[in-house]
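Everything on this sheet refers to the single structure shown next.
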Amino acid sequence: DQQVKQNSPSLSVQEGRISILNCDYTNSMFDYFLWYKKYPAEGPTFLISISSIKDKNEDGRFTVFLNKSAKHLSLHIVPSQPGDSAVYFCAASVAIQGAQKLVFGQGTRLTINP
Amino acid sequence: DTGVSQDPRHKITKRGQNVTFRCDPISEHNRLYWYRQTLGQGPEFLTYFQNEAQLEKSRLLSDRFSAERPKGSFSTLEIQRTEQGDSAMYLCASSRGQGGGETQYFGPGTRLLVL
């Protein structure tokens, strides 16, 4: 079963506008959420995270919002830049043997158009 | 901080052959994870090490897969008798092990193609 879902396989946004990427999850035990960005032939690069005790975290142009009651999180990028074009993965963290296992969504390909 | 490195970056092998991948984590990180990513999917957890101890294995990790982390430093992932279904990107990640809310940092991955 897919515990973390990114329902939009792709998103196209004009440069300078806001990009909003969405993620839904089903497991109430998830306590930490992360967004990663991935370019072709590279590993995922950490972008931003949020603890389940918060509802917003901001880092420069990136803001992550968490709605626990809806089991939904979103990543806002503003303003969008051409270098933001990549695949974005939402990941949720669940405890295993004292550590944290990440469960990933399927990814959303973001294209920023000049 | 030189980041997580993986070797090789690409591997092409014939079905039935054995392959081994290496991961070097960020130097002060005591936790090391292996994930596998297939086309159109997000990475999936395979296994986890705390220092040299392998503490968790996914059911995705069949008997043909074995991972080690001698001395708690680099790790190797070996696949014996490879099958075409093993073709994927194998990703390694490491973290500092600070308890809740840790961030895992990924290497560039090893792309495996089994012919």
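Quick note on naming: the chains in the structure tokens go A, B, ... in the order shown, residues restart at 1 in each chain, and ligands are numbered from 1 in order of appearance.
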
May I have the residues within 6 Å of Gly107 of chain B as an MDAnalysis selection string, using only C-alpha atoms and disregarding those fewer than 4 positions away in the same chain?
-> (chainID A and resid 43) or (chainID B and resid 4:5 92)

Please, which residues of chain A lie no more than 6 Å from chain B when the count uses only C-alpha atoms, and can they be set out as a PyMOL selection string?
-> chain A and resi 32+42-44+104-106

Store the residues of this selection in a file with all heavy atoms, as a compact mmCIF listing (two decimals), in the first residue's frame.
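Final file, selection23.txt:
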```
# COMPACT_ATOMS: atom_id res chain seq x y z
N TYR A 32 7.73 13.02 11.10
CA TYR A 32 8.66 13.98 10.54
C TYR A 32 8.55 13.86 9.03
O TYR A 32 8.45 12.74 8.51
CB TYR A 32 10.07 13.63 11.02
CG TYR A 32 11.16 14.63 10.72
CD1 TYR A 32 11.12 15.92 11.23
CD2 TYR A 32 12.27 14.27 9.96
CE1 TYR A 32 12.14 16.83 10.97
CE2 TYR A 32 13.29 15.16 9.71
CZ TYR A 32 13.23 16.43 10.21
OH TYR A 32 14.23 17.33 9.97
N GLU A 42 21.30 11.86 -10.46
CA GLU A 42 21.86 12.26 -9.16
C GLU A 42 20.99 11.70 -8.05
O GLU A 42 19.84 11.32 -8.27
CB GLU A 42 21.92 13.79 -9.04
CG GLU A 42 22.91 14.44 -9.99
CD GLU A 42 23.00 15.93 -9.76
OE1 GLU A 42 22.49 16.42 -8.73
OE2 GLU A 42 23.59 16.61 -10.61
N GLY A 43 21.53 11.67 -6.84
CA GLY A 43 20.73 11.27 -5.71
C GLY A 43 19.84 12.40 -5.23
O GLY A 43 20.05 13.56 -5.60
N PRO A 44 18.83 12.09 -4.43
CA PRO A 44 17.96 13.14 -3.88
C PRO A 44 18.74 14.11 -3.00
O PRO A 44 19.59 13.69 -2.22
CB PRO A 44 16.93 12.35 -3.05
CG PRO A 44 16.99 10.96 -3.58
CD PRO A 44 18.40 10.74 -4.00
N PHE A 104 8.75 7.24 0.78
CA PHE A 104 8.68 8.28 -0.24
C PHE A 104 7.40 8.20 -1.05
O PHE A 104 6.84 7.11 -1.27
CB PHE A 104 9.86 8.14 -1.21
CG PHE A 104 11.17 8.62 -0.66
CD1 PHE A 104 11.95 7.79 0.12
CD2 PHE A 104 11.63 9.90 -0.94
CE1 PHE A 104 13.17 8.23 0.63
CE2 PHE A 104 12.85 10.34 -0.45
CZ PHE A 104 13.62 9.51 0.34
N GLY A 105 6.97 9.36 -1.55
CA GLY A 105 5.95 9.40 -2.59
C GLY A 105 6.59 9.11 -3.94
O GLY A 105 7.80 8.88 -4.04
N GLN A 106 5.76 9.14 -4.98
CA GLN A 106 6.22 8.75 -6.31
C GLN A 106 6.95 9.88 -7.03
O GLN A 106 7.58 9.66 -8.06
CB GLN A 106 5.04 8.31 -7.18
CG GLN A 106 4.15 7.24 -6.59
CD GLN A 106 2.96 7.85 -5.89
OE1 GLN A 106 3.08 8.77 -5.06
NE2 GLN A 106 1.79 7.34 -6.18
```

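Taking only C-alpha atoms into account, Ser87 of chain B lies nearest to B:Val114 out of the set B:Ile12, B:Val19, B:Val114, B:Leu60.
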
Selection near segment 86-92 of chain A, 8 Å with only C-alpha atoms, sequence-local residues under 3 positions removed, as a ChimeraX atom specification = /A:4,6,23,30-40,83,102-111 /B:42

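Among the residues of chain B, backbone DSSP assigns helix (DSSP H, G or I) to Pro70, Lys71, Gly72, Gln84, Gly85 and Asp86 of chain B.
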
Considering only C-alpha atoms, return as a PyMOL selection string whatever protein or nucleic-acid residues lie within 8 Å of Lys71 of chain A, sequence-local ones (same chain, fewer than 5 positions apart) excluded.
-> chain A and resi 24-26+28+66

Residues at most 12 Å from Lys56 of chain A, counting only C-alpha atoms, excluding those fewer than 4 positions away in the same chain, as a ChimeraX atom specification?
-> /A:33,48-52,62-68,73-76

Would you mind exporting the chosen residues as a PDB file, in the first residue's frame, restricted to C-alpha atoms?
```
ATOM      1  CA  PHE A  33       8.320  14.976   6.912  1.00  0.00           C
ATOM      2  CA  ILE A  48      13.337  21.280   3.805  1.00  0.00           C
ATOM      3  CA  SER A  49      11.635  19.373   6.613  1.00  0.00           C
ATOM      4  CA  ILE A  50       8.917  19.764   9.189  1.00  0.00           C
ATOM      5  CA  SER A  51       8.144  18.070  12.462  1.00  0.00           C
ATOM      6  CA  SER A  52       4.634  16.792  13.123  1.00  0.00           C
ATOM      7  CA  PHE A  62      10.791  27.280   0.277  1.00  0.00           C
ATOM      8  CA  THR A  63       7.935  26.840   2.735  1.00  0.00           C
ATOM      9  CA  VAL A  64       6.415  23.560   3.850  1.00  0.00           C
ATOM     10  CA  PHE A  65       2.928  23.417   5.331  1.00  0.00           C
ATOM     11  CA  LEU A  66       1.574  20.479   7.329  1.00  0.00           C
ATOM     12  CA  ASN A  67      -2.117  19.812   7.957  1.00  0.00           C
ATOM     13  CA  LYS A  68      -2.178  16.848  10.330  1.00  0.00           C
ATOM     14  CA  LEU A  73       1.553  18.567   3.336  1.00  0.00           C
ATOM     15  CA  SER A  74       2.596  20.962   0.651  1.00  0.00           C
ATOM     16  CA  LEU A  75       5.763  22.636  -0.551  1.00  0.00           C
ATOM     17  CA  HIS A  76       5.578  26.214  -1.778  1.00  0.00           C
TER      18      HIS A  76
END
```

From B:Ile79, B:Leu61, B:Ile26, B:Leu115, residue lying nearest Gly3 of chain B [only C-alpha atoms] =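 Between B:Ile79, B:Leu61, B:Ile26, B:Leu115, the residue approaching Gly3 of chain B most closely is B:Ile26.
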
Would you mind writing down, as a VMD selection string, each residue of chain B that DSSP on the backbone assigns to strand (DSSP E)?
-> chain B and resid 5 to 7 10 to 13 19 to 24 31 to 37 44 to 50 53 to 57 65 to 68 75 to 79 88 to 95 105 to 106 110 to 114
